[in-house]
Structures are given as structure tokens and as C-alpha cells.
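S.K.: Sending over start_10.txt (compact mmCIF, C-alpha atoms).
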```
# COMPACT_ATOMS: atom_id res chain seq x y z
CA MET J 1 121.67 206.42 130.31
CA THR J 2 124.01 206.90 127.32
CA ASN J 3 126.42 204.35 128.76
CA ARG J 4 123.57 201.89 129.27
CA ARG J 5 122.42 202.31 125.68
CA ASN J 6 125.97 201.81 124.42
CA PHE J 7 126.30 198.71 126.57
CA LEU J 8 123.04 197.24 125.23
CA LYS J 9 124.04 198.07 121.67
CA LYS J 10 127.42 196.36 122.06
CA THR J 11 125.78 193.37 123.69
CA ALA J 12 123.32 193.00 120.81
CA MET J 13 126.11 193.29 118.23
CA ALA J 14 128.18 190.67 120.03
CA SER J 15 125.21 188.31 120.22
CA ALA J 16 124.52 188.79 116.52
CA ALA J 17 128.12 188.02 115.64
CA VAL J 18 127.87 184.73 117.49
CA ALA J 19 124.43 184.00 116.03
CA PHE J 20 125.61 184.26 112.44
CA GLY J 21 128.95 182.53 112.99
CA SER J 22 129.64 178.85 112.54
CA PHE J 23 126.53 176.76 113.13
CA ALA J 24 126.28 174.37 116.06
CA GLY J 25 123.28 172.68 117.52
CA ARG J 26 123.96 172.59 121.26
CA ALA J 27 121.74 174.37 123.74
CA GLY J 28 124.11 177.10 124.88
CA GLU J 29 125.00 178.05 121.32
CA LEU J 30 121.32 177.94 120.39
CA GLU J 31 120.55 180.62 122.96
CA GLU J 32 123.06 182.86 121.18
CA GLN J 33 121.65 182.06 117.75
CA ASN J 34 118.24 183.16 118.96
CA GLU J 35 119.48 186.69 119.71
CA LEU J 36 118.29 188.72 116.71
CA LEU J 37 119.22 192.24 115.68
CA ASP J 38 116.75 195.03 116.55
CA GLY J 39 114.25 192.58 117.99
CA LYS J 40 113.42 191.20 114.54
CA VAL J 41 110.99 188.29 114.51
CA ARG J 42 112.21 185.19 112.67
CA LYS J 43 109.27 184.21 110.46
CA PRO J 44 108.21 182.11 108.76
CA ILE J 45 109.85 179.16 110.47
CA VAL J 46 109.00 175.49 110.93
CA LEU J 47 110.42 172.85 113.29
CA SER J 48 109.84 169.10 113.27
CA THR J 49 111.10 166.05 115.10
CA TRP J 50 113.66 163.53 113.85
CA ARG J 51 115.59 163.24 110.60
CA PHE J 52 112.46 162.66 108.53
CA GLY J 53 111.52 166.16 109.59
CA LEU J 54 113.86 167.47 106.88
CA GLN J 55 111.58 166.17 104.13
CA ALA J 56 108.48 167.16 106.08
CA ASN J 57 109.86 170.69 106.48
CA GLU J 58 110.32 170.97 102.72
CA ALA J 59 106.60 170.40 102.16
CA ALA J 60 105.66 172.80 104.96
CA TRP J 61 108.00 175.47 103.61
CA GLU J 62 106.27 175.37 100.22
CA VAL J 63 103.18 176.65 102.03
CA LEU J 64 104.96 179.10 104.32
CA LYS J 65 107.12 180.79 101.68
CA LYS J 66 103.99 181.74 99.74
CA GLY J 67 102.47 183.40 102.79
CA GLY J 68 100.25 180.43 103.64
CA ARG J 69 98.82 179.56 107.06
CA ALA J 70 100.88 177.67 109.58
CA LEU J 71 97.94 175.26 109.92
CA ASP J 72 98.09 174.28 106.24
CA ALA J 73 101.88 174.05 106.44
CA VAL J 74 101.99 171.61 109.36
CA GLU J 75 99.31 169.38 107.84
CA ALA J 76 101.16 169.26 104.51
CA GLY J 77 104.45 168.64 106.27
CA VAL J 78 103.52 165.69 108.44
CA LYS J 79 101.64 164.02 105.59
CA VAL J 80 105.02 163.34 103.97
CA PRO J 81 106.19 160.72 106.51
CA GLU J 82 102.61 159.51 106.96
CA ALA J 83 102.61 158.44 103.29
CA ASP J 84 106.15 157.02 103.23
CA PRO J 85 106.14 153.20 103.42
CA LYS J 86 109.80 153.26 104.50
CA GLU J 87 108.96 155.14 107.70
CA ARG J 88 108.11 152.42 110.18
CA SER J 89 106.75 154.59 112.97
CA VAL J 90 104.30 156.92 111.24
CA GLY J 91 101.27 156.20 109.05
CA TYR J 92 101.54 153.90 106.05
CA GLY J 93 103.91 151.04 106.83
CA GLY J 94 103.99 151.73 110.58
CA ARG J 95 104.72 148.84 112.90
CA PRO J 96 101.61 147.09 114.25
CA ASP J 97 100.41 146.45 117.78
CA ARG J 98 100.79 143.01 119.35
CA ASP J 99 97.63 141.84 117.56
CA GLY J 100 99.11 142.73 114.17
CA ARG J 101 96.92 145.79 113.70
CA VAL J 102 98.33 149.15 112.61
CA THR J 103 96.62 151.83 114.68
CA LEU J 104 97.36 155.51 114.18
CA ASP J 105 97.06 158.57 116.41
CA ALA J 106 97.21 162.26 115.48
CA CYS J 107 96.24 165.73 116.61
CA ILE J 108 96.30 169.25 115.22
CA MET J 109 95.91 172.73 116.74
CA ASP J 110 95.64 176.16 115.14
CA GLU J 111 96.18 179.77 116.19
CA MET J 112 92.62 180.12 117.49
CA SER J 113 92.93 177.09 119.82
CA ASN J 114 90.78 175.00 117.51
CA ILE J 115 91.76 171.37 118.04
CA GLY J 116 91.11 167.98 116.51
CA SER J 117 92.36 164.51 117.34
CA VAL J 118 92.01 160.85 116.41
CA GLY J 119 93.18 157.80 118.33
CA CYS J 120 93.52 154.11 117.52
CA LEU J 121 92.49 154.79 113.92
CA GLU J 122 92.90 151.89 111.47
CA TYR J 123 93.00 151.70 107.65
CA ILE J 124 93.46 155.43 106.99
CA LYS J 125 96.82 156.61 105.63
CA HIS J 126 96.53 160.24 106.75
CA PRO J 127 95.23 160.47 110.33
CA ILE J 128 96.36 164.11 110.55
CA SER J 129 93.81 165.07 107.89
CA VAL J 130 91.11 163.14 109.73
CA ALA J 131 92.07 165.01 112.90
CA ARG J 132 91.68 168.29 111.03
CA ALA J 133 88.28 167.17 109.77
CA VAL J 134 87.26 166.39 113.37
CA MET J 135 88.33 169.93 114.26
CA GLU J 136 86.52 171.63 111.39
CA LYS J 137 83.47 169.45 110.76
CA THR J 138 82.31 168.08 114.13
CA PRO J 139 81.30 169.53 117.50
CA HIS J 140 83.91 167.28 119.14
CA VAL J 141 87.68 167.43 119.57
CA MET J 142 88.57 163.71 119.60
CA LEU J 143 87.28 160.55 117.94
CA VAL J 144 88.78 157.10 118.57
CA GLY J 145 88.68 153.55 117.27
CA ASP J 146 85.81 152.47 115.06
CA GLY J 147 84.05 155.80 115.52
CA ALA J 148 87.08 157.60 114.09
CA LEU J 149 87.20 155.15 111.18
CA GLN J 150 83.50 155.53 110.37
CA PHE J 151 83.85 159.32 110.46
CA ALA J 152 86.88 159.18 108.15
CA LEU J 153 85.04 156.98 105.66
CA SER J 154 82.04 159.33 105.75
CA GLN J 155 84.39 162.17 104.81
CA GLY J 156 85.69 160.32 101.77
CA PHE J 157 89.02 159.06 103.11
CA PRO J 158 89.89 155.77 101.36
CA LYS J 159 90.19 152.58 103.38
CA GLU J 160 93.60 150.95 102.87
CA ASN J 161 95.70 148.12 104.26
CA LEU J 162 98.48 149.75 106.29
CA LEU J 163 100.30 146.57 107.34
CA LEU J 164 103.09 146.22 104.80
CA PRO J 165 105.19 143.04 104.37
CA ASP J 166 108.27 144.29 106.25
CA SER J 167 106.21 145.32 109.26
CA GLU J 168 104.28 142.06 109.18
CA ARG J 169 107.54 140.06 109.15
CA GLU J 170 108.84 142.02 112.16
CA TRP J 171 105.60 141.40 114.03
CA LYS J 172 105.69 137.65 113.34
CA GLU J 173 109.30 137.54 114.52
CA TRP J 174 108.33 139.44 117.66
CA LEU J 175 105.56 136.91 118.36
CA LYS J 176 108.20 134.22 118.93
CA THR J 177 109.09 135.83 122.26
CA SER J 178 106.32 138.45 122.70
CA GLU J 179 108.77 140.45 124.80
CA TYR J 180 107.80 144.11 125.05
CA LYS J 181 110.96 146.12 125.73
CA PRO J 182 111.03 149.26 123.59
CA ILE J 183 114.56 150.43 122.82
CA ALA J 184 115.28 154.13 123.26
CA ASN J 185 115.48 156.00 119.93
CA ILE J 186 114.27 152.95 117.97
CA GLU J 187 110.73 151.99 118.92
CA ASN J 188 110.74 155.40 120.62
CA HIS J 189 111.33 156.95 117.21
CA ASP J 190 107.60 156.95 116.90
CA THR J 191 106.30 160.43 116.16
CA ILE J 192 106.58 163.35 113.88
CA GLY J 193 105.63 166.54 115.65
CA MET J 194 105.71 169.82 113.74
CA ILE J 195 105.23 173.43 114.88
CA ALA J 196 105.31 176.51 112.67
CA LEU J 197 105.12 180.30 112.75
CA ASP J 198 103.80 181.82 109.53
CA ALA J 199 104.43 185.20 107.89
CA ALA J 200 101.32 186.61 109.57
CA GLY J 201 102.81 185.75 112.97
CA ASN J 202 100.41 182.90 113.73
CA LEU J 203 101.34 179.53 115.20
CA SER J 204 99.99 176.03 114.56
CA GLY J 205 101.11 172.47 115.23
CA ALA J 206 100.53 168.85 114.24
CA CYS J 207 101.56 165.49 115.65
CA THR J 208 101.09 162.03 114.13
CA THR J 209 102.31 158.49 114.87
CA SER J 210 101.71 154.77 114.68
CA GLY J 211 102.82 154.56 118.30
CA MET J 212 105.05 152.08 120.05
CA ALA J 213 105.70 148.90 118.10
CA PHE J 214 103.85 145.85 119.47
CA LYS J 215 101.92 147.89 122.03
CA MET J 216 98.73 146.50 123.58
CA HIS J 217 95.79 147.02 121.25
CA GLY J 218 94.03 150.24 122.19
CA ARG J 219 97.09 151.88 123.75
CA LEU J 220 97.30 155.64 123.29
CA GLY J 221 100.42 157.67 123.90
CA ASP J 222 100.84 161.40 124.08
CA SER J 223 100.59 162.10 120.34
CA PRO J 224 96.80 162.50 120.03
CA ILE J 225 96.45 164.31 123.35
CA ILE J 226 96.35 168.10 123.22
CA GLY J 227 98.54 169.39 126.04
CA ALA J 228 100.70 166.27 126.11
CA GLY J 229 102.11 165.61 122.64
CA LEU J 230 101.26 169.06 121.26
CA TYR J 231 100.20 172.48 122.48
CA VAL J 232 99.84 175.88 120.83
CA ASP J 233 99.10 179.24 122.43
CA ASN J 234 99.17 181.96 119.80
CA GLU J 235 100.07 184.60 122.38
CA ILE J 236 103.13 182.69 123.61
CA GLY J 237 104.43 179.79 121.56
CA ALA J 238 104.10 176.13 120.64
CA ALA J 239 105.67 172.82 121.61
CA THR J 240 105.57 169.20 120.54
CA ALA J 241 107.08 166.01 121.93
CA THR J 242 108.39 162.61 120.95
CA GLY J 243 109.49 159.49 122.81
CA HIS J 244 107.82 157.51 125.58
CA GLY J 245 104.32 158.93 125.49
CA GLU J 246 103.44 157.68 128.95
CA GLU J 247 106.15 159.88 130.46
CA VAL J 248 105.05 162.92 128.44
CA ILE J 249 101.43 162.46 129.53
CA ARG J 250 102.54 162.19 133.14
CA ILE J 251 103.70 165.83 133.14
CA SER J 252 101.26 167.24 130.52
CA GLY J 253 104.50 167.91 128.70
CA CYS J 254 103.80 170.35 125.89
CA HIS J 255 101.33 172.42 127.88
CA LEU J 256 104.03 172.65 130.54
CA VAL J 257 106.62 173.85 128.02
CA VAL J 258 104.31 176.58 126.72
CA GLU J 259 103.35 177.69 130.22
CA LEU J 260 107.01 177.92 131.17
CA MET J 261 107.54 180.17 128.15
CA ARG J 262 104.58 182.26 129.37
CA GLN J 263 106.44 182.70 132.66
CA GLY J 264 109.45 184.06 130.81
CA ARG J 265 111.60 181.03 129.99
CA SER J 266 113.19 180.83 126.59
CA PRO J 267 112.09 177.87 124.43
CA GLN J 268 115.38 176.17 125.28
CA LYS J 269 115.04 176.62 129.04
CA ALA J 270 111.37 175.56 128.94
CA CYS J 271 112.31 172.28 127.22
CA GLU J 272 115.08 171.68 129.73
CA GLU J 273 112.78 172.18 132.68
CA ALA J 274 110.13 169.86 131.22
CA VAL J 275 112.72 167.12 130.74
CA SER J 276 113.93 167.68 134.31
CA ARG J 277 110.41 166.88 135.51
CA VAL J 278 110.37 163.66 133.49
CA VAL J 279 113.71 162.76 135.05
CA LYS J 280 112.51 163.54 138.57
CA LEU J 281 109.39 161.39 138.26
CA MET J 282 111.36 158.52 136.77
CA LYS J 283 113.79 158.64 139.69
CA ASN J 284 110.94 158.89 142.21
CA ARG J 285 109.51 155.67 140.75
CA ASN J 286 112.91 153.94 140.69
CA LYS J 287 112.86 153.63 136.90
CA ASN J 288 115.93 153.47 134.70
CA LEU J 289 116.34 156.60 132.58
CA LYS J 290 118.35 154.67 130.01
CA ASP J 291 115.19 152.75 129.13
CA ILE J 292 113.37 155.80 127.81
CA GLN J 293 113.68 158.76 125.52
CA VAL J 294 111.63 161.95 125.71
CA GLY J 295 112.38 164.98 123.58
CA PHE J 296 110.68 168.36 123.28
CA ILE J 297 110.94 171.06 120.65
CA ALA J 298 109.54 174.55 121.25
CA LEU J 299 109.00 177.78 119.32
CA ASN J 300 107.93 181.18 120.58
CA LYS J 301 106.21 184.14 118.90
CA LYS J 302 109.55 185.77 118.08
CA GLY J 303 110.70 182.72 116.16
CA ASP J 304 113.17 181.68 118.86
CA TYR J 305 113.35 177.92 119.26
CA GLY J 306 114.88 175.26 121.46
CA SER J 307 114.99 171.56 122.24
CA TYR J 308 116.15 169.17 124.95
CA CYS J 309 115.87 165.43 125.54
CA VAL J 310 116.63 162.72 128.09
CA GLN J 311 119.53 161.09 126.24
CA SER J 312 121.49 161.40 123.02
CA GLY J 313 120.04 160.09 119.77
CA PHE J 314 117.19 162.53 119.20
CA ASN J 315 117.41 165.25 116.56
CA TYR J 316 115.11 167.81 115.00
CA ALA J 317 114.86 169.83 111.80
CA VAL J 318 114.52 173.59 111.43
CA TYR J 319 113.61 175.48 108.24
CA ASP J 320 113.72 179.28 108.10
CA GLU J 321 114.96 181.90 105.66
CA THR J 322 118.52 180.59 106.08
CA GLY J 323 117.60 177.08 104.95
CA ASN J 324 116.71 173.61 106.23
CA ARG J 325 118.97 171.85 108.71
CA LEU J 326 119.13 169.05 111.26
CA ILE J 327 120.13 169.81 114.86
CA ASP J 328 121.32 167.52 117.65
CA PRO J 329 120.01 169.05 120.88
CA ASP J 330 121.64 168.89 124.28
CA PHE J 331 120.50 166.10 126.62
CA TYR J 332 120.35 165.12 130.29
CA LEU J 333 122.17 161.78 130.41
CA LYS J 334 125.86 162.36 129.68
```
Output the structure of this file as C-alpha cells.
M.R.:
Amino acid sequence: MTNRRNFLKKTAMASAAVAFGSFAGRAGELEEQNELLDGKVRKPIVLSTWRFGLQANEAAWEVLKKGGRALDAVEAGVKVPEADPKERSVGYGGRPDRDGRVTLDACIMDEMSNIGSVGCLEYIKHPISVARAVMEKTPHVMLVGDGALQFALSQGFPKENLLLPDSEREWKEWLKTSEYKPIANIENHDTIGMIALDAAGNLSGACTTSGMAFKMHGRLGDSPIIGAGLYVDNEIGAATATGHGEEVIRISGCHLVVELMRQGRSPQKACEEAVSRVVKLMKNRNKNLKDIQVGFIALNKKGDYGSYCVQSGFNYAVYDETGNRLIDPDFYLK
């Protein structure tokens, strides 16, 4: 027994030495970084998709560092890119559908499995806050289209033009050919998903997007769908997704990631297995993997995290007590 304890102690010390050594963002190294001394939980912590997640994380961290709820943190965080006219795939300034209409989708989920969602919402800059209002002020979990707009207006959200000149020029240029061929990591760069663990040990998540550029009017991807673009189970962990929403929906992606963590997978391994299912179904349907991107990020109750995607180009941001940083995850297509 003494030898076993000594072995475990040495193993933990070795893992810690690797964890706090030079930083690298690949999956194998990430597993080592997630090994914490004495079983310590890493909290608070927040993860978000893509480079604009760095700025979003800053806003979320302002809530988390003061002991605030993960729910308030993720809402505050994703509102940053929603309000940024330079971000062409989320909220204000997002690219329109093929009819020239900017339609927004969002969902939010807290530690008690309360959920709210909006789809195909026009004229409202912050769909994530409307989704939260659906969660907290209605008996429903999702409102779409004109019904979502009327509800938002009734709650005092201002009606605004979201189609900015740059996006309108791109749309008019696209109309010359009307060819719908989303490019991986460009039009796919369409979502900010954020998941957080607060100081109280509670999880929440948010996801918001303007969707694929020049999509058919009325198209919904995974982002407003609980279990596809976002899922939180406060006993286990949380996950969010980005990329081709149709492929994420096909496997109920984020619910799958959380359930795999329930079965004992690490966040990293859960993301890898979810992507492997996307890959399998693409191959079964004779589709070209190079045409799509799907990426998952996941966080468990211990503050361990992971990510995996179909091909290179995706990145995600992590903010914890050691600071805010951008990570390039491992990927399937080499």
C-alpha cells in the first residue's frame, strides 16, 4: 500500500510539473495541464470560441472574479461580440441571409437546467439577452421569428437596423452569382459559444450567432438549439459548438459531449469522440470533410477543459486565475 501511495504521489508531482511548464495548446499536452495537485478544482474559469473570445472572456471574468454567477458572466461575455460592428458573424453587423435580412439565433442555459432560446430574430442587437428573458419571463423555452421580435419589443429591447454598409455590400456582390458555398473557418466562423464555472462551482453557458452568410431565410443552425449548440449539466460539465450547424445537429453534439463526460471521458476525449461521429456521418454520406468545420469546447466540474475540431483553423480562449489565452486545439484532418 505504501508503495502504491508513493507511486501515486510521484505521478501527481510529475503531472503537475508538466502542467505548469511551457504552455502549449495541443490535445495531449492539454490532458497533462488538466492534472491538478491534490485534486484542486480550477475555478472560476471561462472558455469561449474563436479569437473574439479573448475580449468576451474579459467581460465574463469581470463577473466571475467578484464571485458572480456563471450565468451572468456568459451573458455579459457574449454581448461583447454581439455589439461589435466589426464582427461579421455575430449580432450587430452580422452578414445577412440571401434576402438581405440579418437574422440572429441564441440560447442560454444555467446550472438549474433553465433554458431560453430565440431563432430567426431580426432588429435586436442582443439576442442572448432576449433568450434569457424567454427563460426567465415566459413559460416557454424558445421563440422564433416575428414572435421573438414582438416579445423582445414588449420587454423594452430597442429595434435597430442590423444590416451595416459593409455587410450590405458583400450581400449585393454575392447576389451577382448567388452561389452558396460556405468556406470552412470563414462563413463557418459564425458563432460565439461560452461556458463557465463560477466560484460557487456552478456551470452555465451561452451561444449566439448571425448564422451562415447568405443562408436561406428562416434557416436555423445548432446555435439556438439546446443539446446541439450548447448543453449544461451542473453535475457533470458543459459544452458548446461552432461550425456547420447542420452537422452538429445531426449528432446532438453538445449533449453528446456532456454525456460522454458523464460516462467518464475527459473533456478532451469527449470532444474528440463527438468530432469522430461527425466525420463518420460525413463519410457515410460521401461528403467532403474539407468543406466543413465543426469544433467543440468542453468544461467539467473540476475545471478541466478540452477541445477538438474537424480541421485546422479553429481556436478558443480560456480565462482562469493564470490569465487569458488563445489555444489552437488538435484536429482530425492532418
S.K.: Write out as a PyMOL selection string each polymer residue whose atoms come within 12 Å of Ser89 (chain J), counting all atoms listed in the file; drop sequence neighbours fewer than 5 positions from it.
M.R.: chain J and resi 50+52+81-84+94-97+102-105+162-163+167+185-192+208-214+242-243
S.K.: Please produce an output containing C-alpha atoms for each residue in the selection, written as a PDB file, keeping the file's coordinate frame.
M.R.:
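Result went into out08.pdb, see below:
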```
ATOM      1  CA  TRP J  50     113.660 163.530 113.850  1.00  0.00           C
ATOM      2  CA  PHE J  52     112.460 162.660 108.530  1.00  0.00           C
ATOM      3  CA  PRO J  81     106.190 160.720 106.510  1.00  0.00           C
ATOM      4  CA  GLU J  82     102.610 159.510 106.960  1.00  0.00           C
ATOM      5  CA  ALA J  83     102.610 158.440 103.290  1.00  0.00           C
ATOM      6  CA  ASP J  84     106.150 157.020 103.230  1.00  0.00           C
ATOM      7  CA  GLY J  94     103.990 151.730 110.580  1.00  0.00           C
ATOM      8  CA  ARG J  95     104.720 148.840 112.900  1.00  0.00           C
ATOM      9  CA  PRO J  96     101.610 147.090 114.250  1.00  0.00           C
ATOM     10  CA  ASP J  97     100.410 146.450 117.780  1.00  0.00           C
ATOM     11  CA  VAL J 102      98.330 149.150 112.610  1.00  0.00           C
ATOM     12  CA  THR J 103      96.620 151.830 114.680  1.00  0.00           C
ATOM     13  CA  LEU J 104      97.360 155.510 114.180  1.00  0.00           C
ATOM     14  CA  ASP J 105      97.060 158.570 116.410  1.00  0.00           C
ATOM     15  CA  LEU J 162      98.480 149.750 106.290  1.00  0.00           C
ATOM     16  CA  LEU J 163     100.300 146.570 107.340  1.00  0.00           C
ATOM     17  CA  SER J 167     106.210 145.320 109.260  1.00  0.00           C
ATOM     18  CA  ASN J 185     115.480 156.000 119.930  1.00  0.00           C
ATOM     19  CA  ILE J 186     114.270 152.950 117.970  1.00  0.00           C
ATOM     20  CA  GLU J 187     110.730 151.990 118.920  1.00  0.00           C
ATOM     21  CA  ASN J 188     110.740 155.400 120.620  1.00  0.00           C
ATOM     22  CA  HIS J 189     111.330 156.950 117.210  1.00  0.00           C
ATOM     23  CA  ASP J 190     107.600 156.950 116.900  1.00  0.00           C
ATOM     24  CA  THR J 191     106.300 160.430 116.160  1.00  0.00           C
ATOM     25  CA  ILE J 192     106.580 163.350 113.880  1.00  0.00           C
ATOM     26  CA  THR J 208     101.090 162.030 114.130  1.00  0.00           C
ATOM     27  CA  THR J 209     102.310 158.490 114.870  1.00  0.00           C
ATOM     28  CA  SER J 210     101.710 154.770 114.680  1.00  0.00           C
ATOM     29  CA  GLY J 211     102.820 154.560 118.300  1.00  0.00           C
ATOM     30  CA  MET J 212     105.050 152.080 120.050  1.00  0.00           C
ATOM     31  CA  ALA J 213     105.700 148.900 118.100  1.00  0.00           C
ATOM     32  CA  PHE J 214     103.850 145.850 119.470  1.00  0.00           C
ATOM     33  CA  THR J 242     108.390 162.610 120.950  1.00  0.00           C
ATOM     34  CA  GLY J 243     109.490 159.490 122.810  1.00  0.00           C
TER      35      GLY J 243
END
```
S.K.: Any idea what the distance is between CA of Leu299 (chain J) and CA of Ala196 (chain J)?
M.R.: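 Atom-to-atom, CA of Leu299 (chain J) to CA of Ala196 (chain J), that is 7.7 Å.
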S.K.: Which of these residues is nearest to Cys271 (chain J), using all atoms listed in the file: J:Ala199, J:Cys207, J:Met194, J:Val294?
M.R.: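 Under the stated criterion, the closest residue is J:Val294.
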S.K.: Using all atoms listed in the file, what residues lie at most 12 Å away from (98.2, 173.7, 131.4) (file coordinates), given as a list in words?
M.R.: Ile226, Gly227, Ala228, Leu230, Tyr231, Val232, Asp233, Ile249, Ile251, Ser252, Gly253, Cys254, His255, Leu256, Val257, Val258, Glu259, Leu260, Met261 and Arg262 of chain J
S.K.: Would you save the residues from that selection as a PDB file, in the frame of the given file, using C-alpha atoms?
M.R.:
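As written to disk, part.pdb reads:
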```pdb
ATOM      1  CA  ILE J 226      96.350 168.100 123.220  1.00  0.00           C
ATOM      2  CA  GLY J 227      98.540 169.390 126.040  1.00  0.00           C
ATOM      3  CA  ALA J 228     100.700 166.270 126.110  1.00  0.00           C
ATOM      4  CA  LEU J 230     101.260 169.060 121.260  1.00  0.00           C
ATOM      5  CA  TYR J 231     100.200 172.480 122.480  1.00  0.00           C
ATOM      6  CA  VAL J 232      99.840 175.880 120.830  1.00  0.00           C
ATOM      7  CA  ASP J 233      99.100 179.240 122.430  1.00  0.00           C
ATOM      8  CA  ILE J 249     101.430 162.460 129.530  1.00  0.00           C
ATOM      9  CA  ILE J 251     103.700 165.830 133.140  1.00  0.00           C
ATOM     10  CA  SER J 252     101.260 167.240 130.520  1.00  0.00           C
ATOM     11  CA  GLY J 253     104.500 167.910 128.700  1.00  0.00           C
ATOM     12  CA  CYS J 254     103.800 170.350 125.890  1.00  0.00           C
ATOM     13  CA  HIS J 255     101.330 172.420 127.880  1.00  0.00           C
ATOM     14  CA  LEU J 256     104.030 172.650 130.540  1.00  0.00           C
ATOM     15  CA  VAL J 257     106.620 173.850 128.020  1.00  0.00           C
ATOM     16  CA  VAL J 258     104.310 176.580 126.720  1.00  0.00           C
ATOM     17  CA  GLU J 259     103.350 177.690 130.220  1.00  0.00           C
ATOM     18  CA  LEU J 260     107.010 177.920 131.170  1.00  0.00           C
ATOM     19  CA  MET J 261     107.540 180.170 128.150  1.00  0.00           C
ATOM     20  CA  ARG J 262     104.580 182.260 129.370  1.00  0.00           C
TER      21      ARG J 262
END
```
S.K.: Interatomic distance between CA of Ile195 (chain J) and CA of Ser154 (chain J)?
M.R.: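 We find that CA of Ile195 (chain J) and CA of Ser154 (chain J) lie 28.6 Å from each other.
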S.K.: Given the point (101.0, 167.5, 108.3) in the coordinates of this file, which residues lie within 12 Å, counting all atoms listed in the file, and how would they look as a VMD selection string?
M.R.: chain J and resid 46 to 48 53 55 to 61 63 70 to 83 90 to 91 106 to 109 125 to 132 191 to 196 204 to 209
S.K.: For those residues, write C-alpha atoms to a file as a PDB file, in the coordinates of the input.
M.R.:
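Saved as out-v4.pdb:
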```
ATOM      1  CA  VAL J  46     109.000 175.490 110.930  1.00  0.00           C
ATOM      2  CA  LEU J  47     110.420 172.850 113.290  1.00  0.00           C
ATOM      3  CA  SER J  48     109.840 169.100 113.270  1.00  0.00           C
ATOM      4  CA  GLY J  53     111.520 166.160 109.590  1.00  0.00           C
ATOM      5  CA  GLN J  55     111.580 166.170 104.130  1.00  0.00           C
ATOM      6  CA  ALA J  56     108.480 167.160 106.080  1.00  0.00           C
ATOM      7  CA  ASN J  57     109.860 170.690 106.480  1.00  0.00           C
ATOM      8  CA  GLU J  58     110.320 170.970 102.720  1.00  0.00           C
ATOM      9  CA  ALA J  59     106.600 170.400 102.160  1.00  0.00           C
ATOM     10  CA  ALA J  60     105.660 172.800 104.960  1.00  0.00           C
ATOM     11  CA  TRP J  61     108.000 175.470 103.610  1.00  0.00           C
ATOM     12  CA  VAL J  63     103.180 176.650 102.030  1.00  0.00           C
ATOM     13  CA  ALA J  70     100.880 177.670 109.580  1.00  0.00           C
ATOM     14  CA  LEU J  71      97.940 175.260 109.920  1.00  0.00           C
ATOM     15  CA  ASP J  72      98.090 174.280 106.240  1.00  0.00           C
ATOM     16  CA  ALA J  73     101.880 174.050 106.440  1.00  0.00           C
ATOM     17  CA  VAL J  74     101.990 171.610 109.360  1.00  0.00           C
ATOM     18  CA  GLU J  75      99.310 169.380 107.840  1.00  0.00           C
ATOM     19  CA  ALA J  76     101.160 169.260 104.510  1.00  0.00           C
ATOM     20  CA  GLY J  77     104.450 168.640 106.270  1.00  0.00           C
ATOM     21  CA  VAL J  78     103.520 165.690 108.440  1.00  0.00           C
ATOM     22  CA  LYS J  79     101.640 164.020 105.590  1.00  0.00           C
ATOM     23  CA  VAL J  80     105.020 163.340 103.970  1.00  0.00           C
ATOM     24  CA  PRO J  81     106.190 160.720 106.510  1.00  0.00           C
ATOM     25  CA  GLU J  82     102.610 159.510 106.960  1.00  0.00           C
ATOM     26  CA  ALA J  83     102.610 158.440 103.290  1.00  0.00           C
ATOM     27  CA  VAL J  90     104.300 156.920 111.240  1.00  0.00           C
ATOM     28  CA  GLY J  91     101.270 156.200 109.050  1.00  0.00           C
ATOM     29  CA  ALA J 106      97.210 162.260 115.480  1.00  0.00           C
ATOM     30  CA  CYS J 107      96.240 165.730 116.610  1.00  0.00           C
ATOM     31  CA  ILE J 108      96.300 169.250 115.220  1.00  0.00           C
ATOM     32  CA  MET J 109      95.910 172.730 116.740  1.00  0.00           C
ATOM     33  CA  LYS J 125      96.820 156.610 105.630  1.00  0.00           C
ATOM     34  CA  HIS J 126      96.530 160.240 106.750  1.00  0.00           C
ATOM     35  CA  PRO J 127      95.230 160.470 110.330  1.00  0.00           C
ATOM     36  CA  ILE J 128      96.360 164.110 110.550  1.00  0.00           C
ATOM     37  CA  SER J 129      93.810 165.070 107.890  1.00  0.00           C
ATOM     38  CA  VAL J 130      91.110 163.140 109.730  1.00  0.00           C
ATOM     39  CA  ALA J 131      92.070 165.010 112.900  1.00  0.00           C
ATOM     40  CA  ARG J 132      91.680 168.290 111.030  1.00  0.00           C
ATOM     41  CA  THR J 191     106.300 160.430 116.160  1.00  0.00           C
ATOM     42  CA  ILE J 192     106.580 163.350 113.880  1.00  0.00           C
ATOM     43  CA  GLY J 193     105.630 166.540 115.650  1.00  0.00           C
ATOM     44  CA  MET J 194     105.710 169.820 113.740  1.00  0.00           C
ATOM     45  CA  ILE J 195     105.230 173.430 114.880  1.00  0.00           C
ATOM     46  CA  ALA J 196     105.310 176.510 112.670  1.00  0.00           C
ATOM     47  CA  SER J 204      99.990 176.030 114.560  1.00  0.00           C
ATOM     48  CA  GLY J 205     101.110 172.470 115.230  1.00  0.00           C
ATOM     49  CA  ALA J 206     100.530 168.850 114.240  1.00  0.00           C
ATOM     50  CA  CYS J 207     101.560 165.490 115.650  1.00  0.00           C
ATOM     51  CA  THR J 208     101.090 162.030 114.130  1.00  0.00           C
ATOM     52  CA  THR J 209     102.310 158.490 114.870  1.00  0.00           C
TER      53      THR J 209
END
```
S.K.: Of the residues J:Gln150, J:Ser307, J:Gln155, J:Asn288, which is the one nearest to Tyr123 (chain J), using all atoms listed in the file?
M.R.: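 The closest residue to Tyr123 (chain J) is J:Gln150.
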S.K.: Near Gly245 (chain J), within 6 Å and counting all atoms listed in the file, which residues show up once chain neighbours fewer than 3 positions away are dropped, as a list in words?
M.R.: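 Those residues are Gly221, Asp222 and Val248 of chain J.
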S.K.: In Å, how far is it from CA of Asn315 (chain J) to CA of Pro224 (chain J)?
M.R.: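 Between CA of Asn315 (chain J) and CA of Pro224 (chain J) the gap is 21.1 Å.
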S.K.: I'd like the contact shell of Glu321 (chain J) - 9 Å cut-off, all atoms listed in the file, skipping same-chain residues fewer than 3 positions apart - returned as a ChimeraX atom specification.
M.R.: /J:42-45,65,324
S.K.: Which is closer to Ala274 (chain J) than all the others in J:Thr138, J:Ser113, J:Asn300, J:Thr240, using only C-alpha atoms?
M.R.: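 The shortest atom-to-atom distance to Ala274 (chain J) comes from J:Thr240.
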S.K.: Considering all atoms listed in the file, state which residue in the set J:Leu175, J:Ala270, J:Leu121, J:Leu164 is at the smallest distance from Phe151 (chain J).
M.R.: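 Distance minimum relative to Phe151 (chain J) lands on J:Leu121.
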S.K.: Determine the axis-aligned bounding box of all atoms of region 151-170 of chain J present in the file, pad each side by 3 Å, and express its centre and edge lengths in Å to one decimal place as JSON.
M.R.:
```
{"center_x": 95.4, "center_y": 151.1, "center_z": 106.8, "size_x": 32.8, "size_y": 28.1, "size_z": 16.8}
```
S.K.: Could you check which of J:Ala298, J:Ala200, J:Gly119, J:Val310 is closest to Ser223 (chain J), using only C-alpha atoms?
M.R.: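 Using only C-alpha atoms, Ser223 (chain J) sits closest to J:Gly119.
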